[in-house]
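Colleague: Take a look at this one; I'll ask things after.
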Amino acid sequence: MAFDGRSCDAPLIVGVDGSGPSLRATDWAADEAVLRGAPLRLVYASMWEHYEGEGLAADYGKPFEKLRGEHIVEAAARRARERRPELEVTAEALPDGPVTVLPEESRRACALVVGTRGRSGVAEALLGSVSLAVAARAHCPVIVVRGGHDNQAKAGIHQCVLLGVGADTKGSAAVRFAYHEARIRGVPLEAVRAWRRPAHENTDHPLLSGTTTRPHEEQAVRVLEAALEGAPAELDLRRRTAEGHAHRVLEDASHHADLLVLGARRRHGHLGLRLGRVTHVVLHHSACPVAVVPQRD
C-alpha cells in the first residue's frame, strides 16, 4: 500500500530478534514512534511451529523456541518503555518466518522499522538478507536502520530530511512521506536530483564543455520541479541538482541528513517492489536511516 498519511492509530512496527542491531532499531523506533504520536508494536518472527510443533512439551509447558521468542519481545518491550515511558508498547512472538510475518504486519502499520548489521564482506553484501527481503515486500514504508544510526530520530543530529528524486517521482508516495517526515521533525527537506552527461558527449574542448552539460542539468531541474509541484507552503524545501551517479550523490548527501527517503514501485498484482540498483547500493552504504516507500504503478 502506498503511503497515505494514515492516522497515528496505526502502530509503528519494529522487527526484533534479540540481536544488537535489532535492539538499536528498537531504540530508534521508540524515538520515532514518539515523534509520530503512534503506538509501538514489537514483533518477533520465528519458525518454531514448523520444526517443534504445537504439541511439543517443555519444562515450561511451551516449545523452547516459542518461549525464547516471548522472552525476546518482552525484553525489547522493557527496553522501549524504559527509553520512552510515555510510549504505548505492545509485543508479540509469531510462529512464522520474518519475510512472511513482517510484510503481513506492514498492512496495518504506519511504517515498519528493521535493523541490519551492515558489516563488511558477506553480511554487507546481503544487507542482512531479511531486511532487504522485507523492504522489497512490505505494504508500508520500511525504514532500515544500521548500526551507526543510533539516536538520529530523537536527537535530530543533522536537522534535515533528504529525498532522492527519481525520474518518476512526481506525485509519488515517497514525496508525500518525505513532506510528512520533515514536518513532524520540524526540519528542512532537501530534495536531490542527480544527473549525468552521456559518455558519448564527453569532450575536453573548452568551448563545448559547458554547452554539453547544460541540457542534462536543465532536464534534472525540470524533473525536480515537477516532483515537488504542490509542496506545502509552510515547508522549508531546498532543491538541489548534482552531477554524478545517483547512488554516490545520495550517499554523500546522507552524511548530512537524519533520514533518506527513496521510492520503490510495485506493479499491479506483483508481490514485490522493484528495488533498483540505486536503492540497493544506498541501503548498503547510507550514513543515515533509509526509508523505502512503496507505490503502485
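To be explicit about the labels: the chains of the C-alpha cells are called A, B, and onward in the order shown, and within each one the residues are counted from 1, while ligands get numbers from 1 in the order they are shown.
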Please identify all polymer residues within 8 Å of segment 233-241 of chain A, counting only C-alpha atoms, omitting same-chain residues fewer than 4 positions from it, and present them as a ChimeraX atom specification.

Modeller: /A:179,182-183,187-195,217,220-221,224

Colleague: Output N, CA and C atoms for every residue in the selection just made, as a compact mmCIF listing (two decimals), in the first residue's frame.

Modeller:
# COMPACT_ATOMS: atom_id res chain seq x y z
N TYR A 179 7.60 14.82 2.83
CA TYR A 179 6.97 16.02 3.40
C TYR A 179 6.57 15.76 4.85
N ALA A 182 9.58 15.53 7.30
CA ALA A 182 10.18 16.83 7.58
C ALA A 182 9.29 17.65 8.52
N ARG A 183 7.96 17.56 8.32
CA ARG A 183 7.04 18.33 9.15
C ARG A 183 7.06 17.85 10.60
N VAL A 187 12.04 20.12 10.50
CA VAL A 187 13.33 20.38 9.88
C VAL A 187 13.15 20.61 8.38
N PRO A 188 14.16 21.16 7.71
CA PRO A 188 14.07 21.34 6.26
C PRO A 188 14.07 19.99 5.53
N LEU A 189 13.50 20.01 4.34
CA LEU A 189 13.56 18.86 3.42
C LEU A 189 14.46 19.25 2.25
N GLU A 190 15.49 18.46 2.03
CA GLU A 190 16.37 18.67 0.88
C GLU A 190 16.05 17.62 -0.18
N ALA A 191 15.58 18.07 -1.33
CA ALA A 191 15.27 17.18 -2.44
C ALA A 191 16.40 17.23 -3.46
N VAL A 192 16.94 16.06 -3.81
CA VAL A 192 18.12 15.99 -4.66
C VAL A 192 17.82 15.18 -5.91
N ARG A 193 18.20 15.71 -7.03
CA ARG A 193 18.10 15.00 -8.31
C ARG A 193 19.49 14.93 -8.92
N ALA A 194 19.98 13.71 -9.12
CA ALA A 194 21.29 13.52 -9.75
C ALA A 194 21.13 13.47 -11.26
N TRP A 195 22.16 13.87 -11.96
CA TRP A 195 22.14 13.82 -13.42
C TRP A 195 23.55 13.51 -13.92
N GLU A 217 21.52 19.10 -17.20
CA GLU A 217 21.27 19.73 -15.91
C GLU A 217 19.90 20.41 -15.90
N ALA A 220 17.27 17.87 -15.38
CA ALA A 220 17.23 17.48 -13.97
C ALA A 220 16.44 18.50 -13.16
N VAL A 221 16.62 19.76 -13.46
CA VAL A 221 15.87 20.81 -12.76
C VAL A 221 14.38 20.67 -13.03
N LEU A 224 12.98 17.75 -11.08
CA LEU A 224 12.91 18.11 -9.66
C LEU A 224 11.71 19.01 -9.38

Colleague: Under the rule of at most 12 Å, produce a per-residue listing of segment 10-117 of chain A near segment 278-289 of chain A: chain, number, name, the closest pair of atoms, and the distance in Å, as a tab-separated table, using only C-alpha atoms.

Modeller:
residue	atom	partner	partner_atom	distance
A:Arg24	CA	A:Pro289	CA	11.8
A:Ala25	CA	A:Pro289	CA	9.9
A:Trp28	CA	A:Pro289	CA	9.6
A:Ala29	CA	A:Pro289	CA	11.0
A:Glu32	CA	A:Pro289	CA	11.5
A:Val113	CA	A:Pro289	CA	9.7
A:Val114	CA	A:Pro289	CA	10.0
A:Gly115	CA	A:Pro289	CA	9.5
A:Thr116	CA	A:His284	CA	9.5
A:Arg117	CA	A:His284	CA	10.1

Colleague: Kindly indicate which residue among A:Pro198, A:Cys110, A:Val292, A:Val175 lies nearest to His245 of chain A, using only C-alpha atoms for the distances.

Modeller: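 The closest residue to His245 of chain A is A:Pro198.
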